[in-house]
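Engineer: upload01.tsv (TSV, C-alpha atoms) pasted underneath:
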```
chain	number	residue	atom	x	y	z
N	4	MET	CA	-15.00	-17.36	16.26
N	5	THR	CA	-13.88	-19.60	13.43
N	6	ASP	CA	-16.96	-18.64	11.43
N	7	PHE	CA	-16.16	-14.97	11.95
N	8	PHE	CA	-12.66	-15.41	10.55
N	9	ILE	CA	-13.92	-17.47	7.60
N	10	ILE	CA	-16.50	-14.80	6.73
N	11	LEU	CA	-13.97	-11.98	7.17
N	12	LEU	CA	-11.28	-13.61	5.00
N	13	SER	CA	-13.61	-14.84	2.26
N	14	THR	CA	-15.47	-11.51	2.04
N	15	SER	CA	-12.30	-9.46	1.74
N	16	GLY	CA	-10.91	-11.95	-0.80
N	17	ALA	CA	-14.07	-11.80	-2.90
N	18	LEU	CA	-14.07	-8.00	-2.78
N	19	PHE	CA	-10.44	-7.87	-3.93
N	20	SER	CA	-11.28	-10.25	-6.79
N	21	LEU	CA	-14.21	-8.03	-7.73
N	22	LEU	CA	-11.89	-5.00	-7.66
N	23	ALA	CA	-9.47	-6.84	-9.96
N	24	ALA	CA	-12.30	-7.63	-12.38
N	25	ILE	CA	-13.51	-4.01	-12.36
N	26	GLY	CA	-9.91	-2.90	-12.87
N	27	ILE	CA	-9.31	-5.17	-15.82
N	28	ILE	CA	-12.46	-3.87	-17.48
N	29	ARG	CA	-11.93	-0.16	-16.72
N	30	MET	CA	-8.15	0.31	-17.00
N	31	PRO	CA	-7.19	2.14	-20.20
N	32	ASP	CA	-3.89	0.40	-20.90
N	33	THR	CA	-2.42	-3.11	-21.17
N	34	TYR	CA	0.27	-2.40	-18.58
N	35	LEU	CA	-2.23	-1.11	-16.02
N	36	ARG	CA	-4.34	-4.23	-16.60
N	37	ILE	CA	-1.27	-6.42	-15.97
N	38	SER	CA	-0.64	-4.54	-12.73
N	39	VAL	CA	-4.25	-5.15	-11.61
N	40	ASN	CA	-3.89	-8.82	-12.47
N	41	THR	CA	-0.76	-9.27	-10.34
N	42	LYS	CA	-1.66	-7.25	-7.26
N	43	ALA	CA	-5.38	-7.33	-6.49
N	44	ALA	CA	-6.12	-10.80	-7.81
N	45	THR	CA	-3.17	-12.41	-6.01
N	46	LEU	CA	-4.19	-10.85	-2.69
N	47	GLY	CA	-7.82	-11.88	-3.17
N	48	VAL	CA	-6.99	-15.48	-4.01
N	49	GLY	CA	-4.56	-15.69	-1.09
N	50	LEU	CA	-7.23	-14.49	1.34
N	51	MET	CA	-9.82	-16.96	0.03
N	52	LEU	CA	-7.34	-19.85	0.30
N	53	ALA	CA	-6.55	-18.74	3.86
N	54	SER	CA	-10.26	-18.94	4.68
N	55	ALA	CA	-10.23	-22.56	3.47
N	56	ALA	CA	-7.26	-23.27	5.76
N	57	VAL	CA	-9.13	-21.74	8.72
N	58	PHE	CA	-12.24	-23.80	7.96
N	59	PHE	CA	-10.59	-27.24	7.73
N	60	GLN	CA	-8.01	-26.78	10.54
N	61	ASP	CA	-6.13	-29.79	9.25
N	62	PHE	CA	-2.38	-30.07	8.83
N	63	ALA	CA	-2.59	-31.55	5.31
N	64	VAL	CA	-4.97	-28.85	4.08
N	65	THR	CA	-2.96	-26.03	5.63
N	66	THR	CA	0.22	-27.30	3.98
N	67	ARG	CA	-1.52	-27.50	0.62
N	68	VAL	CA	-2.92	-24.00	1.01
N	69	GLN	CA	0.51	-22.67	1.93
N	70	ALA	CA	2.03	-24.32	-1.12
N	71	ILE	CA	-0.60	-22.77	-3.42
N	72	ILE	CA	-0.21	-19.30	-1.87
N	73	ILE	CA	3.58	-19.39	-2.15
N	74	PHE	CA	3.35	-20.67	-5.72
N	75	VAL	CA	0.95	-17.90	-6.75
N	76	LEU	CA	3.04	-15.25	-4.99
N	77	LEU	CA	6.18	-16.46	-6.76
N	78	THR	CA	4.77	-16.92	-10.25
N	79	ALA	CA	2.49	-13.87	-10.58
N	80	PRO	CA	5.35	-11.30	-10.84
N	81	VAL	CA	7.35	-13.53	-13.19
N	82	GLY	CA	4.42	-14.01	-15.54
N	83	ALA	CA	3.54	-10.32	-15.38
N	84	HIS	CA	7.11	-9.32	-16.24
N	85	LEU	CA	7.25	-11.74	-19.19
N	86	ILE	CA	3.90	-10.67	-20.63
N	87	GLY	CA	4.71	-6.98	-20.10
N	88	ARG	CA	8.03	-7.39	-21.89
N	89	THR	CA	6.30	-9.10	-24.82
N	90	SER	CA	3.69	-6.36	-24.86
N	91	TYR	CA	6.41	-3.71	-25.05
N	92	PHE	CA	8.13	-5.46	-27.96
N	93	THR	CA	4.97	-6.08	-29.96
N	94	GLY	CA	4.44	-2.33	-29.99
N	95	ASN	CA	1.55	-1.98	-27.56
N	96	GLY	CA	1.45	1.72	-26.88
N	97	LEU	CA	1.16	3.34	-23.48
N	98	TRP	CA	-1.96	5.16	-22.38
N	99	LYS	CA	-1.94	8.79	-23.48
N	100	GLY	CA	-2.08	9.90	-19.82
N	101	SER	CA	1.14	8.05	-18.98
N	102	VAL	CA	3.80	10.51	-17.92
N	103	ILE	CA	7.08	8.69	-18.45
N	104	ASP	CA	8.41	5.75	-20.49
N	105	ASP	CA	11.69	4.76	-18.88
N	106	LEU	CA	12.48	2.06	-21.43
N	107	LYS	CA	12.19	4.31	-24.46
N	108	GLY	CA	15.33	3.97	-26.57
N	109	LYS	CA	17.00	1.55	-24.16
N	110	TYR	CA	15.64	-1.66	-25.64
N	111	ASN	CA	17.06	-2.89	-28.88
N	112	ILE	CA	13.94	-3.66	-30.89
N	113	LYS	CA	15.72	-6.14	-33.19
N	114	SER	CA	17.75	-8.20	-30.71
N	115	HIS	CA	15.46	-7.60	-27.68
N	116	GLU	CA	18.44	-6.68	-25.50
N	117	LEU	CA	18.42	-4.07	-22.78
N	118	GLU	CA	21.00	-1.36	-23.34
N	119	SER	CA	21.27	1.19	-20.61
N	120	GLU	CA	22.81	4.53	-21.48
N	121	ASN	CA	25.49	4.21	-18.83
N	122	ILE	CA	26.76	0.92	-20.25
N	123	GLU	CA	26.94	2.49	-23.69
N	124	ASP	CA	28.96	5.43	-22.31
N	125	GLU	CA	31.36	3.13	-20.47
N	126	ARG	CA	31.87	1.07	-23.60
N	127	LYS	CA	32.76	4.21	-25.56
N	128	LYS	CA	35.12	5.31	-22.80
N	129	ARG	CA	36.89	1.96	-22.76
N	130	HIS	CA	37.13	1.98	-26.52
N	131	SER	CA	38.72	5.46	-26.53
N	132	GLU	CA	41.19	4.40	-23.81
N	133	ARG	CA	42.26	1.43	-25.87
N	134	THR	CA	42.75	3.51	-28.99
N	135	ASP	CA	44.81	6.03	-27.04
N	136	GLN	CA	47.24	3.34	-25.94
B	30	MET	CA	-28.02	-18.29	8.17
B	31	SER	CA	-24.99	-20.52	8.47
B	32	THR	CA	-21.53	-19.77	7.16
B	33	GLN	CA	-22.01	-22.15	4.26
B	34	ASP	CA	-25.21	-20.37	3.23
B	35	TYR	CA	-23.43	-17.03	3.37
B	36	LEU	CA	-20.64	-18.36	1.15
B	37	GLN	CA	-23.14	-19.95	-1.23
B	38	TYR	CA	-25.45	-16.98	-1.67
B	39	VAL	CA	-23.13	-13.97	-1.24
B	40	ILE	CA	-19.50	-14.84	-2.00
B	41	ILE	CA	-20.00	-17.18	-4.96
B	42	PRO	CA	-22.25	-14.69	-6.85
B	43	ILE	CA	-19.65	-11.93	-6.34
B	44	LEU	CA	-16.95	-14.19	-7.77
B	45	VAL	CA	-19.14	-15.27	-10.69
B	46	LEU	CA	-19.89	-11.61	-11.45
B	47	SER	CA	-16.18	-10.82	-11.50
B	48	GLU	CA	-15.55	-13.84	-13.79
B	49	PHE	CA	-18.15	-12.42	-16.19
B	50	MET	CA	-16.48	-9.02	-16.20
B	51	VAL	CA	-13.08	-10.54	-16.92
B	52	PHE	CA	-14.66	-12.58	-19.70
B	53	ILE	CA	-15.99	-9.38	-21.30
B	54	ARG	CA	-12.39	-8.12	-21.42
B	55	PHE	CA	-11.36	-11.48	-22.88
B	56	LEU	CA	-13.85	-11.04	-25.72
B	57	LYS	CA	-13.20	-7.30	-26.22
B	58	GLY	CA	-9.42	-7.14	-25.70
B	59	PRO	CA	-7.83	-4.99	-28.43
B	60	SER	CA	-4.62	-7.04	-28.54
B	61	VAL	CA	-3.63	-10.65	-27.93
B	62	ILE	CA	-1.76	-9.61	-24.77
B	63	ASP	CA	-4.99	-8.36	-23.19
B	64	ARG	CA	-6.62	-11.70	-23.89
B	65	VAL	CA	-3.72	-13.58	-22.31
B	66	VAL	CA	-3.91	-11.38	-19.20
B	67	ALA	CA	-7.68	-11.89	-19.00
B	68	LEU	CA	-7.22	-15.67	-19.31
B	69	ASP	CA	-4.70	-15.60	-16.49
B	70	LEU	CA	-7.14	-13.65	-14.32
B	71	VAL	CA	-10.00	-16.06	-15.14
B	72	VAL	CA	-7.91	-18.96	-13.85
B	73	THR	CA	-6.75	-16.98	-10.79
B	74	ILE	CA	-10.33	-16.13	-9.75
B	75	GLY	CA	-11.21	-19.75	-10.56
B	76	ILE	CA	-8.76	-20.85	-7.86
B	77	GLY	CA	-10.66	-18.65	-5.40
B	78	ILE	CA	-13.99	-20.17	-6.48
B	79	ILE	CA	-12.54	-23.66	-5.99
B	80	SER	CA	-11.36	-22.83	-2.47
B	81	ILE	CA	-14.77	-21.39	-1.50
B	82	TYR	CA	-16.51	-24.38	-3.07
B	83	SER	CA	-14.32	-26.76	-1.09
B	84	ILE	CA	-15.54	-25.02	2.09
B	85	ILE	CA	-19.19	-25.32	1.00
B	86	THR	CA	-18.96	-29.02	0.17
B	87	GLU	CA	-16.46	-29.75	3.01
B	88	THR	CA	-14.24	-31.57	0.50
B	89	SER	CA	-10.56	-30.66	0.80
B	90	ASN	CA	-9.54	-32.67	-2.29
B	91	PHE	CA	-10.56	-29.79	-4.56
B	92	LEU	CA	-7.52	-27.83	-3.35
B	93	ASP	CA	-5.25	-30.20	-5.32
B	94	ILE	CA	-7.06	-29.15	-8.48
B	95	ALA	CA	-6.55	-25.51	-7.49
B	96	MET	CA	-2.80	-26.16	-7.31
B	97	ILE	CA	-2.76	-27.74	-10.77
B	98	LEU	CA	-4.78	-24.83	-12.18
B	99	ALA	CA	-2.26	-22.34	-10.76
B	100	LEU	CA	0.54	-24.29	-12.45
B	101	ILE	CA	-1.30	-24.40	-15.79
B	102	ALA	CA	-2.06	-20.67	-15.67
B	103	PHE	CA	1.59	-19.81	-15.10
B	104	LEU	CA	2.80	-22.16	-17.84
B	105	GLY	CA	0.19	-20.77	-20.24
B	106	THR	CA	1.27	-17.18	-19.61
B	107	VAL	CA	4.95	-18.05	-20.05
B	108	ALA	CA	4.31	-20.02	-23.25
B	109	PHE	CA	2.09	-17.32	-24.75
B	110	SER	CA	4.60	-14.56	-24.00
B	111	TYR	CA	7.50	-16.65	-25.36
B	112	TYR	CA	5.83	-17.47	-28.65
B	113	LEU	CA	4.29	-14.03	-29.16
B	114	GLU	CA	7.70	-12.44	-28.71
B	115	LYS	CA	9.28	-14.97	-31.08
B	116	ARG	CA	6.63	-14.39	-33.74
B	117	ASN	CA	7.30	-10.68	-33.61
B	118	LYS	CA	11.07	-11.25	-33.86
B	119	ASN	CA	10.86	-13.23	-37.09
B	120	ASP	CA	8.92	-10.57	-38.98
```
Mind turning this structure into structure tokens?
Structural biologist:
Amino acid sequence: MTDFFIILLSTSGALFSLLAAIGIIRMPDTYLRISVNTKAATLGVGLMLASAAVFFQDFAVTTRVQAIIIFVLLTAPVGAHLIGRTSYFTGNGLWKGSVIDDLKGKYNIKSHELESENIEDERKKRHSERTDQ
Amino acid sequence: MSTQDYLQYVIIPILVLSEFMVFIRFLKGPSVIDRVVALDLVVTIGIGIISIYSIITETSNFLDIAMILALIAFLGTVAFSYYLEKRNKND
């Protein structure tokens, strides 16, 4: 029974890692590659670590595995967001098949600050109210 | 065929194949960002290889090294993104 679970978990983890590798080679765009890196690879590594926890059946090993899984789950989105932000600022274009670019015109390219349109409108409104008084 | 044999002759080759494919992207990558992402993925799949290898050799100490590798991969990504953004800002 234990062997069955080890084989199941490690096989699915290896297949997800293989899917991530195929994705990073076939995806047409930096942002799609970042998405592959965060989703498929994190799931694959988590499954393979879980298979190690099932194999050893030791409290120390299970705790270690849990710590690694939680660490990877916490840091993968943060790293992906940072690298995607940098990619947007350095002028990496989107794939030509991409439909929408929500950030277009909302990031200040010089100061790297996010300016949503609503905030800009509210600022203008407040400014006009002040000048009226 | 025991579980260890299955891991040794089926799972490890799949993981090594995926490492090779990520490495092709690392060499090809049109921009620096692609290379950073590929490096991150190399280390992430490396953690999986370490966990499988610790099952094969029945040595649980390797999992500590997997933890350190995860930490280094995250710090590397953060540092690369920070300095690449800064370099672009100064131009």
Engineer: Using only C-alpha atoms, find each residue in region 26-84 of chain N having at least one atom no more than 10 Å away from region 88-108 of chain B; report its shortest atom-to-atom pair and that distance in Å (one decimal), rows by chain then rising number, as a tab-separated table.
Structural biologist:
```
residue	atom	partner	partner_atom	distance
N:Leu52	CA	B:Leu92	CA	8.8
N:Ala55	CA	B:Ser89	CA	8.5
N:Ala56	CA	B:Ser89	CA	9.5
N:Phe59	CA	B:Ser89	CA	7.7
N:Asp61	CA	B:Ser89	CA	9.6
N:Ala63	CA	B:Ser89	CA	9.2
N:Val64	CA	B:Ser89	CA	6.7
N:Arg67	CA	B:Leu92	CA	7.2
N:Val68	CA	B:Leu92	CA	7.4
N:Ala70	CA	B:Met96	CA	8.1
N:Ile71	CA	B:Met96	CA	5.6
N:Ile72	CA	B:Met96	CA	9.1
N:Phe74	CA	B:Ala99	CA	7.7
N:Val75	CA	B:Ala99	CA	6.8
N:Thr78	CA	B:Phe103	CA	6.5
N:Ala79	CA	B:Phe103	CA	7.5
N:Val81	CA	B:Val107	CA	8.6
N:Gly82	CA	B:Thr106	CA	6.0
N:Ala83	CA	B:Thr106	CA	8.4
N:His84	CA	B:Val107	CA	9.8
```
Engineer: Determine the nearest neighbour of Asp6 (chain N) from the options B:Val39, B:Leu44, B:Ile62, B:Ile84, counting all atoms listed in the file.
Structural biologist: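 Among B:Val39, B:Leu44, B:Ile62, B:Ile84, it is B:Ile84 that comes nearest to Asp6 (chain N).
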Engineer: What's the separation between CA of Gly47 (chain N) and CA of Ile86 (chain N), in Å to one decimal place?
Structural biologist: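 Distance between the two atoms: 21.1 Å.
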Engineer: What are the closest atom pairs, with distances in Å to one decimal, for each residue of chain B lying within 7 Å of chain N, using only C-alpha atoms, rows by chain and rising residue number, as CSV?
Structural biologist:
```
residue,atom,partner,partner_atom,distance
B:Thr32,CA,N:Asp6,CA,6.4
B:Ile40,CA,N:Ala17,CA,6.3
B:Ile43,CA,N:Ala17,CA,6.6
B:Leu44,CA,N:Ala17,CA,6.1
B:Ser47,CA,N:Leu21,CA,5.1
B:Met50,CA,N:Ala24,CA,5.8
B:Val51,CA,N:Ala24,CA,5.4
B:Arg54,CA,N:Ile28,CA,5.8
B:Ile62,CA,N:Ser90,CA,6.3
B:Asp63,CA,N:Thr33,CA,6.2
B:Val66,CA,N:Ile37,CA,6.5
B:Leu70,CA,N:Asn40,CA,6.1
B:Thr73,CA,N:Ala44,CA,6.9
B:Ile74,CA,N:Ser20,CA,6.7
B:Ile76,CA,N:Val48,CA,6.8
B:Gly77,CA,N:Val48,CA,5.0
B:Ser80,CA,N:Leu52,CA,5.7
B:Ile81,CA,N:Met51,CA,6.8
B:Ile84,CA,N:Ala55,CA,6.0
B:Ser89,CA,N:Val64,CA,6.7
B:Met96,CA,N:Ile71,CA,5.6
B:Ala99,CA,N:Val75,CA,6.8
B:Phe103,CA,N:Gly82,CA,6.5
B:Thr106,CA,N:Gly82,CA,6.0
B:Val107,CA,N:Gly82,CA,6.1
B:Ser110,CA,N:Ile86,CA,5.2
B:Leu113,CA,N:Thr89,CA,6.9
B:Glu114,CA,N:Thr89,CA,5.3
B:Asn117,CA,N:Thr93,CA,6.3
B:Lys118,CA,N:Lys113,CA,6.9
```
Engineer: Could you please take those selected residues and save C-alpha atoms as a JSON list (two decimals), in the frame of the given file?
Structural biologist:
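Saved as out35.json:
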```json
[["chain", "number", "residue", "atom", "x", "y", "z"],
["B", 32, "THR", "CA", -21.53, -19.77, 7.16],
["B", 40, "ILE", "CA", -19.50, -14.84, -2.00],
["B", 43, "ILE", "CA", -19.65, -11.93, -6.34],
["B", 44, "LEU", "CA", -16.95, -14.19, -7.77],
["B", 47, "SER", "CA", -16.18, -10.82, -11.50],
["B", 50, "MET", "CA", -16.48, -9.02, -16.20],
["B", 51, "VAL", "CA", -13.08, -10.54, -16.92],
["B", 54, "ARG", "CA", -12.39, -8.12, -21.42],
["B", 62, "ILE", "CA", -1.76, -9.61, -24.77],
["B", 63, "ASP", "CA", -4.99, -8.36, -23.19],
["B", 66, "VAL", "CA", -3.91, -11.38, -19.20],
["B", 70, "LEU", "CA", -7.14, -13.65, -14.32],
["B", 73, "THR", "CA", -6.75, -16.98, -10.79],
["B", 74, "ILE", "CA", -10.33, -16.13, -9.75],
["B", 76, "ILE", "CA", -8.76, -20.85, -7.86],
["B", 77, "GLY", "CA", -10.66, -18.65, -5.40],
["B", 80, "SER", "CA", -11.36, -22.83, -2.47],
["B", 81, "ILE", "CA", -14.77, -21.39, -1.50],
["B", 84, "ILE", "CA", -15.54, -25.02, 2.09],
["B", 89, "SER", "CA", -10.56, -30.66, 0.80],
["B", 96, "MET", "CA", -2.80, -26.16, -7.31],
["B", 99, "ALA", "CA", -2.26, -22.34, -10.76],
["B", 103, "PHE", "CA", 1.59, -19.81, -15.10],
["B", 106, "THR", "CA", 1.27, -17.18, -19.61],
["B", 107, "VAL", "CA", 4.95, -18.05, -20.05],
["B", 110, "SER", "CA", 4.60, -14.56, -24.00],
["B", 113, "LEU", "CA", 4.29, -14.03, -29.16],
["B", 114, "GLU", "CA", 7.70, -12.44, -28.71],
["B", 117, "ASN", "CA", 7.30, -10.68, -33.61],
["B", 118, "LYS", "CA", 11.07, -11.25, -33.86]]
```
Engineer: Rounded to one decimal place, report the CA of Ser101 (chain N)-CA of Ala67 (chain B) distance in Å.
Structural biologist: 21.8 Å
Engineer: So which one's closest to Tyr112 (chain B), B:Leu36, B:Ile85, B:Val61, B:Leu68? Using only C-alpha atoms, please.
Structural biologist: B:Val61
Engineer: With all atoms listed in the file as the atoms that count, which of B:Asp34, B:Tyr82, B:Arg64, B:Val71 lies nearest to Phe49 (chain B)?
Structural biologist: B:Val71
Engineer: Which distance in Å separates CA of Pro59 (chain B) and CA of Pro31 (chain N), to one decimal?
Structural biologist: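 Value for the CA of Pro59 (chain B)-CA of Pro31 (chain N) distance: 10.9 Å.
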Engineer: Please report, as JSON, the centre and edge lengths in Å to one decimal of an axis-aligned box covering all listed atoms of region 64-67 of chain B with 8 Å per side.
Structural biologist:
```
{"center_x": -5.7, "center_y": -12.5, "center_z": -21.4, "size_x": 20.0, "size_y": 18.2, "size_z": 20.9}
```
